Amino acid sequence: MTLFLSHRGESDDAPENTLEAFKLAMDRDSDGLELDVRLTSDKYAAVVHDADLKRVANADLTVSESTLVELQKVHAVPLLEEVLAILKKGKHCQIELKGADTDVVFSVKNVIEKWHGDRKQLAISSFEEETIKLAAESFPDFPRLLLVDLAQKFGEFPTAAQVAEYMKSLDCTGVSFKADFAADKNFVDELHNLGMRVVCWGVFTDELGLAMAKIGVDAMTCNHAVALRSLYHK
């Protein structure tokens, strides 16, 4: 059963990576959340995608060079602990560690250790190989997913065996790949047989998202996850 995770919250209908977007996802009974974490200059685990607030708030503030208070003066930037506090029982949350600052791993670990929820609800992802390798030490019990465009990485869409070998070299327990019509059910099944969790991102059309669910990915992230799930289960 594919989980349809609300990408940065229900971000087609509320500002991305805000409590409003995450609460909307929970109110709509989404399967779960996907969010991004960066460290502020005062070492808070802030939920924000870009390295700066130019796109979301038209503000020339770099996250890593600004305090949490400075960021929140111009945009509704939540803390990771605030989002986890609204995550409902049984709902999944995929936490993406942004950037190459490995301190983010330890900051997120500290937040999760103070959280009273079920750790089985959480997964860790990152585009950064060194960051995801380090995460294995801090989150040995979590699904750990490298975010990757497989066709770009390998020069063509790879075999499941190639992907599994690559993930295991990074101590990953799964892969989050850019959704691609080149992926089929055999590809997903073989990764499952090799002990890999299979997630996809970059679901830019409903057609692509429905195709990924049909081949059996474990989860996907989508800006309108609840609506896409409803469409899939029609």
# chains A, B, ... in the order shown; residues from 1 in each chain; ligands from 1
>>> residues_around(residues="A:Ser125", least_positions_apart="4", cutoff="12 Å", atoms="only C-alpha atoms", output="ChimeraX atom specification")
/A:34-37,93-99,105,108,129-136,139,142-148,172-177,197-201
>>> select_by_dssp(residues="chain A", states="strand (DSSP E)", output="PyMOL selection string")
chain A and resi 3-7+32-39+45-47+92-97+122-126+144-148+174-178+197-201+219-222
>>> select_by_dssp(residues="stretch 26-170 of chain A", states="helix (DSSP H, G or I)", output="ChimeraX atom specification")
/A:26-27,54-57,63-65,68-72,80-86,103-114,119-121,129-138,150-154,160-169
>>> atom_distance(atom1="atom CA of A:Val217", atom2="atom CA of A:His192")
9.3 Å
>>> atom_distance(atom1="atom CA of A:Asp141", atom2="atom CA of A:Ala46")
23.1 Å
>>> closest_residue(among="A:Glu65, A:Asp27, A:Asp206, A:Asp189", to="A:Asp218", atoms="only C-alpha atoms")
A:Asp189
>>> atom_distance(atom1="atom CA of A:Val104", atom2="atom CA of A:Asp149")
22.8 Å
>>> residues_around(residues="A:Glu20", least_positions_apart="3", cutoff="10 Å", atoms="only C-alpha atoms", output="PyMOL selection string")
chain A and resi 9-11+13-17+23-25+76+78
>>> closest_residue(among="A:His233, A:Ala21, A:Thr205, A:Lys153", to="A:Val83", atoms="only C-alpha atoms")
A:Ala21
>>> residues_around(residues="A:Glu81", least_positions_apart="4", cutoff="12 Å", atoms="only C-alpha atoms", output="number ranges by chain")
A: 19, 35, 37, 44-47, 77, 85-87, 95, 107-117
>>> closest_residue(among="A:Leu210, A:Leu53, A:Ala160, A:Val226", to="A:Met196", atoms="only C-alpha atoms")
A:Ala160
>>> closest_residue(among="A:Leu191, A:Leu68, A:Leu170, A:Ala161", to="A:Lys43", atoms="only C-alpha atoms")
A:Leu68
>>> residues_around(residues="A:Lys89", least_positions_apart="3", cutoff="9 Å", atoms="only C-alpha atoms", output="MDAnalysis selection string")
chainID A and resid 92 117:118 121
>>> write_last_selection(atoms="N, CA, C and O atoms", output="short mmCIF file (atom, residue, chain, number, x, y, z; two decimals), in the first residue's frame")
data_model
loop_
_atom_site.label_atom_id
_atom_site.label_comp_id
_atom_site.auth_asym_id
_atom_site.auth_seq_id
_atom_site.Cartn_x
_atom_site.Cartn_y
_atom_site.Cartn_z
N HIS A 92 3.04 9.07 9.02
CA HIS A 92 4.46 9.00 8.71
C HIS A 92 5.04 10.41 8.57
O HIS A 92 4.32 11.35 8.22
N GLY A 117 6.72 10.76 20.67
CA GLY A 117 5.98 9.95 19.70
C GLY A 117 6.67 8.62 19.41
O GLY A 117 7.69 8.27 20.01
N ASP A 118 6.10 7.90 18.46
CA ASP A 118 6.61 6.59 18.05
C ASP A 118 7.67 6.77 16.97
O ASP A 118 7.37 7.27 15.87
N GLN A 121 7.32 6.04 13.19
CA GLN A 121 6.62 6.92 12.26
C GLN A 121 7.59 7.74 11.40
O GLN A 121 7.17 8.38 10.44
#
>>> residues_around(residues="A:Gly202", least_positions_apart="6", cutoff="9 Å", atoms="only C-alpha atoms", output="ChimeraX atom specification")
/A:177-180,209,220-222
>>> closest_residue(among="A:Arg38, A:His49, A:Leu84, A:Glu165", to="A:Ser66", atoms="only C-alpha atoms")
A:Arg38
>>> closest_residue(among="A:His75, A:Lys88, A:Lys54, A:Lys120", to="A:Thr18", atoms="only C-alpha atoms")
A:His75
>>> decode(residues="stretch 74-85 of chain A", atoms="all heavy atoms", output="short mmCIF file (atom, residue, chain, number, x, y, z; two decimals), in the first residue's frame")
data_model
loop_
_atom_site.label_atom_id
_atom_site.label_comp_id
_atom_site.auth_asym_id
_atom_site.auth_seq_id
_atom_site.Cartn_x
_atom_site.Cartn_y
_atom_site.Cartn_z
N VAL A 74 10.00 37.60 9.23
CA VAL A 74 9.58 37.81 7.84
C VAL A 74 8.83 36.63 7.25
O VAL A 74 8.22 36.75 6.19
CB VAL A 74 10.80 38.13 6.94
CG1 VAL A 74 11.48 39.42 7.39
CG2 VAL A 74 11.80 36.98 6.92
N HIS A 75 8.85 35.47 7.94
CA HIS A 75 8.16 34.29 7.40
C HIS A 75 7.83 33.33 8.53
O HIS A 75 8.53 33.28 9.54
CB HIS A 75 9.05 33.58 6.36
CG HIS A 75 8.36 32.48 5.62
ND1 HIS A 75 7.24 32.69 4.85
CD2 HIS A 75 8.63 31.15 5.53
CE1 HIS A 75 6.85 31.55 4.31
NE2 HIS A 75 7.68 30.60 4.72
N ALA A 76 6.76 32.57 8.33
CA ALA A 76 6.29 31.63 9.36
C ALA A 76 7.11 30.34 9.33
O ALA A 76 6.64 29.27 8.93
CB ALA A 76 4.82 31.32 9.16
N VAL A 77 8.36 30.44 9.75
CA VAL A 77 9.28 29.30 9.77
C VAL A 77 9.07 28.52 11.07
O VAL A 77 9.37 29.03 12.15
CB VAL A 77 10.74 29.75 9.66
CG1 VAL A 77 11.68 28.56 9.77
CG2 VAL A 77 10.98 30.50 8.35
N PRO A 78 8.58 27.28 10.99
CA PRO A 78 8.40 26.50 12.22
C PRO A 78 9.65 25.73 12.61
O PRO A 78 10.57 25.56 11.81
CB PRO A 78 7.27 25.54 11.85
CG PRO A 78 7.46 25.30 10.39
CD PRO A 78 8.03 26.59 9.82
N LEU A 79 9.67 25.27 13.83
CA LEU A 79 10.71 24.38 14.31
C LEU A 79 10.29 22.94 14.06
O LEU A 79 9.10 22.62 14.03
CB LEU A 79 10.95 24.59 15.80
CG LEU A 79 11.57 25.92 16.21
CD1 LEU A 79 11.54 26.07 17.73
CD2 LEU A 79 12.99 26.04 15.69
N LEU A 80 11.26 22.06 13.94
CA LEU A 80 10.95 20.65 13.75
C LEU A 80 10.08 20.12 14.88
O LEU A 80 9.12 19.38 14.65
CB LEU A 80 12.25 19.84 13.66
CG LEU A 80 12.08 18.31 13.59
CD1 LEU A 80 11.26 17.90 12.37
CD2 LEU A 80 13.44 17.63 13.58
N GLU A 81 10.38 20.50 16.12
CA GLU A 81 9.58 19.99 17.24
C GLU A 81 8.13 20.44 17.17
O GLU A 81 7.23 19.71 17.62
CB GLU A 81 10.20 20.39 18.59
CG GLU A 81 10.51 21.85 18.77
CD GLU A 81 11.99 22.14 18.55
OE1 GLU A 81 12.55 21.66 17.55
OE2 GLU A 81 12.58 22.86 19.41
N GLU A 82 7.87 21.60 16.58
CA GLU A 82 6.50 22.07 16.45
C GLU A 82 5.72 21.22 15.45
O GLU A 82 4.53 20.95 15.64
CB GLU A 82 6.49 23.54 16.00
CG GLU A 82 7.01 24.51 17.03
CD GLU A 82 7.02 25.94 16.52
OE1 GLU A 82 7.68 26.21 15.50
OE2 GLU A 82 6.34 26.79 17.14
N VAL A 83 6.39 20.80 14.38
CA VAL A 83 5.73 19.95 13.39
C VAL A 83 5.49 18.56 13.96
O VAL A 83 4.41 17.99 13.83
CB VAL A 83 6.56 19.86 12.09
CG1 VAL A 83 5.82 19.00 11.07
CG2 VAL A 83 6.81 21.25 11.53
N LEU A 84 6.49 18.01 14.65
CA LEU A 84 6.32 16.68 15.24
C LEU A 84 5.19 16.68 16.27
O LEU A 84 4.53 15.66 16.46
CB LEU A 84 7.63 16.23 15.88
CG LEU A 84 8.77 15.90 14.91
CD1 LEU A 84 10.02 15.49 15.69
CD2 LEU A 84 8.37 14.82 13.92
N ALA A 85 4.98 17.81 16.91
CA ALA A 85 3.93 17.90 17.93
C ALA A 85 2.53 17.75 17.33
O ALA A 85 1.60 17.34 18.03
CB ALA A 85 4.03 19.22 18.69
#
